[in-house]
Amino acid sequence: MKKKILIGLLIAAVAVAVGIWFFGFYKPTHFKRDVADEQAITITAKDMVKEFQANEDSANKKFLNKAIAITGEVIEAKKNQDGKSTVTLKSDDSFSNVYCTLKEEGGEINNGSTITVKGICTGFLSDVVIIDAIVIKK
Amino acid sequence: MKQFFFLLIALNTVLVSFSQKTYATKSAQVKFYSHTPAEDIEATNNQAESKLIDKTGQLMFSLLIKGFRFENELMQEHFNGKDYMDSDKFPKAEFKGTIANIAAVNFTKDGIYNVNASGNLTIRGITKLVTAKATVTVTKGVVSSKSVFKIKIKDFGLTGKDIGSVIANDMEITTTAKYN
């Protein structure tokens, strides 16, 4: 009987150790954030650019590093110099749009079509920048 | 009539010689790398904006700190944290400078041209003068630039206690921009 309890305790101890190693050390360094699993802020490309132009600081607080689902009209779909697909979504200001870099092939995306892209907002240069994105509707 | 054509050609030459072209991209790549026996740090940003003006040699880069991607996400978290880049407070970094010997580059002829760039690099709200050897490459009319230079991390107000021990003092920065 004592032996059984001892073995039980041993197994429990090993399980706890593995758990600590996995969640404490392995997972944070080996797993990648995936927007597909995240609850996103939903917004149009037009409104997002407007918010950044009106007040960049407050827009940064609202959007930076968050998962965002942006809907807008495609004005350019191409490949960047690293070979990744990029999509530019139109705003009301032709100098400032939403520039999305996809993490996987988005399939065929036509200029003029309206699509929804889900990705992580890194901030505002001349465009609002979205990275690690996926196309969720087209 | 002859004079008129002559005038037209002369005017055209003047216009061509004065017109300058801006080469621009929104997907330049900026990488950094540092090495110590304890830890290699490496991250890449593929959404940097860069502009190069052929006549004046003006060169500009701007990027978002949160756009750097690490293999190790925990390292990425530390990088963005208060002791290091504090990217909530300082979301951008920027370089504004010039290529002194831009005249050495023939933008109409294929080739790899060695140039010297210098200018102000702003990271974490702190601006320092940096100089770098760079190349401008022209391939079938497509212009690209590349440079590698080193910065001292502590110059830019990073306070992380591991800098100088686990983390090297210097960071090597590589920029690659293909203008389109």
# chains A, B, ... in the order shown; residues from 1 in each chain; ligands from 1
>>> residues_around(residues="Glu71 of chain B", least_positions_apart="3", cutoff="12 Å", atoms="only C-alpha atoms", output="number ranges by chain")
A: 28-33; B: 40-44, 68, 74-77
>>> write_last_selection(atoms="C-alpha atoms", output="compact mmCIF listing (two decimals), in the first residue's frame")
# COMPACT_ATOMS: atom_id res chain seq x y z
CA PRO A 28 7.16 30.89 -24.11
CA THR A 29 10.24 30.37 -26.28
CA HIS A 30 8.99 27.87 -28.85
CA PHE A 31 5.36 28.72 -29.55
CA LYS A 32 4.40 31.49 -31.93
CA ARG A 33 1.53 33.86 -31.43
CA ASP B 40 22.72 35.22 -29.83
CA ILE B 41 20.11 37.84 -30.46
CA GLU B 42 18.62 38.15 -33.89
CA ALA B 43 15.45 39.77 -35.17
CA THR B 44 14.01 40.93 -38.46
CA PHE B 68 10.70 43.05 -35.12
CA LEU B 74 10.00 35.44 -24.86
CA MET B 75 13.05 37.35 -26.09
CA GLN B 76 10.72 39.45 -28.24
CA GLU B 77 8.67 40.32 -25.15
>>> select_by_dssp(residues="chain A", states="helix (DSSP H, G or I)", output="NGL selection string")
:A and (2-30 or 35-37 or 45-54 or 56-63)
>>> closest_atom_pairs(of="chain B", to="chain A", cutoff="12 Å", atoms="only C-alpha atoms", output="tab-separated table")
residue	atom	partner	partner_atom	distance
B:Ala24	CA	A:Ser126	CA	11.9
B:Thr25	CA	A:Asn80	CA	9.3
B:Lys26	CA	A:Tyr99	CA	8.5
B:Ser27	CA	A:Asn80	CA	6.0
B:Ala28	CA	A:Gln81	CA	7.4
B:Gln29	CA	A:Asp82	CA	8.0
B:Val30	CA	A:Asp82	CA	11.3
B:Thr44	CA	A:Asp82	CA	10.8
B:Asn45	CA	A:Ile131	CA	10.0
B:Asn46	CA	A:Asp82	CA	7.4
B:Gln47	CA	A:Val129	CA	7.6
B:Ala48	CA	A:Leu125	CA	8.7
B:Glu49	CA	A:Leu125	CA	7.7
B:Ser50	CA	A:Leu125	CA	10.8
B:Phe61	CA	A:Leu125	CA	10.5
B:Ser62	CA	A:Leu125	CA	7.4
B:Leu63	CA	A:Leu125	CA	7.2
B:Leu64	CA	A:Thr122	CA	6.3
B:Ile65	CA	A:Thr122	CA	7.6
B:Lys66	CA	A:Thr122	CA	5.1
B:Gly67	CA	A:Thr122	CA	5.6
B:Phe68	CA	A:Thr122	CA	9.2
B:Arg69	CA	A:Asp132	CA	9.7
B:Phe70	CA	A:Thr29	CA	9.7
B:Glu71	CA	A:His30	CA	7.8
B:Asn72	CA	A:Thr29	CA	4.7
B:Glu73	CA	A:Thr29	CA	5.3
B:Leu74	CA	A:Thr29	CA	5.3
B:Met75	CA	A:Thr29	CA	7.5
B:Gln76	CA	A:Thr29	CA	9.3
B:Glu77	CA	A:Pro28	CA	9.6
B:His78	CA	A:Pro28	CA	11.5
B:Asn80	CA	A:Asn65	CA	10.5
B:Ser87	CA	A:Leu64	CA	9.5
B:Asp88	CA	A:Leu64	CA	7.8
B:Lys89	CA	A:Asp57	CA	9.2
B:Phe90	CA	A:Asp57	CA	10.5
B:Pro91	CA	A:Gly123	CA	7.1
B:Lys92	CA	A:Gly123	CA	8.2
B:Ala93	CA	A:Leu125	CA	10.3
B:Glu94	CA	A:Leu125	CA	10.4
B:Ser144	CA	A:Gln81	CA	10.4
B:Thr176	CA	A:Gln81	CA	9.1
B:Ala177	CA	A:Gln81	CA	8.0
B:Lys178	CA	A:Gln81	CA	6.6
B:Tyr179	CA	A:Gln81	CA	9.2
B:Asn180	CA	A:Gln81	CA	9.7
>>> residues_around(residues="Gly112 of chain A", least_positions_apart="6", cutoff="7 Å", atoms="only C-alpha atoms", output="ChimeraX atom specification")
/A:73-75
>>> write_last_selection(atoms="C-alpha atoms", output="CSV table (one decimal), in the first residue's frame")
chain,number,residue,atom,x,y,z
A,73,GLU,CA,-11.0,47.7,-50.5
A,74,VAL,CA,-7.8,46.2,-52.0
A,75,ILE,CA,-5.7,48.8,-53.9
>>> atom_distance(atom1="atom CA of Ala104 of chain B", atom2="atom CA of Thr131 of chain B")
17.5 Å
>>> select_by_dssp(residues="chain A", states="strand (DSSP E)", output="ChimeraX atom specification")
/A:41-44,67-79,85-89,98-102,114-124,128-137
>>> atom_distance(atom1="atom CA of Thr175 of chain B", atom2="atom CA of Ser147 of chain B")
5.3 Å
>>> residues_around(residues="segment 90-92 of chain A", least_positions_apart="4", cutoff="9 Å", atoms="only C-alpha atoms", output="list of chain:residue names")
A:Thr44, A:Ala45, A:Lys46, A:Asp47, A:Met48, A:Val49, A:Lys50, A:Gly72, A:Glu73, A:Val74, A:Ile75, A:Glu76, A:Ser96, A:Asn97, A:Val98
>>> atom_distance(atom1="atom CA of Gly119 of chain B", atom2="atom CA of Val138 of chain B")
22.8 Å
>>> residues_around(residues="Ala38 of chain B", least_positions_apart="3", cutoff="12 Å", atoms="only C-alpha atoms", output="JSON, numbers by chain")
{"B": [34, 35, 41, 162, 163, 164, 165, 166, 167, 168]}
>>> write_last_selection(atoms="C-alpha atoms", output="mmCIF file, in the first residue's frame")
data_model
loop_
_atom_site.group_PDB
_atom_site.id
_atom_site.type_symbol
_atom_site.label_atom_id
_atom_site.label_comp_id
_atom_site.auth_asym_id
_atom_site.auth_seq_id
_atom_site.Cartn_x
_atom_site.Cartn_y
_atom_site.Cartn_z
ATOM 1 C CA SER B 34 24.500 40.366 -31.546
ATOM 2 C CA HIS B 35 26.545 37.528 -30.208
ATOM 3 C CA ILE B 41 20.108 37.839 -30.465
ATOM 4 C CA ASP B 162 22.130 41.948 -18.931
ATOM 5 C CA ILE B 163 23.684 44.382 -21.427
ATOM 6 C CA GLY B 164 27.436 43.933 -21.367
ATOM 7 C CA SER B 165 27.237 40.415 -19.922
ATOM 8 C CA VAL B 166 24.641 38.031 -21.353
ATOM 9 C CA ILE B 167 23.832 40.560 -24.084
ATOM 10 C CA ALA B 168 26.658 42.098 -26.123
#
>>> closest_residue(among="B:Gln58, B:Thr159, B:Thr174, B:Ser19", to="Ala117 of chain B", atoms="only C-alpha atoms")
B:Gln58
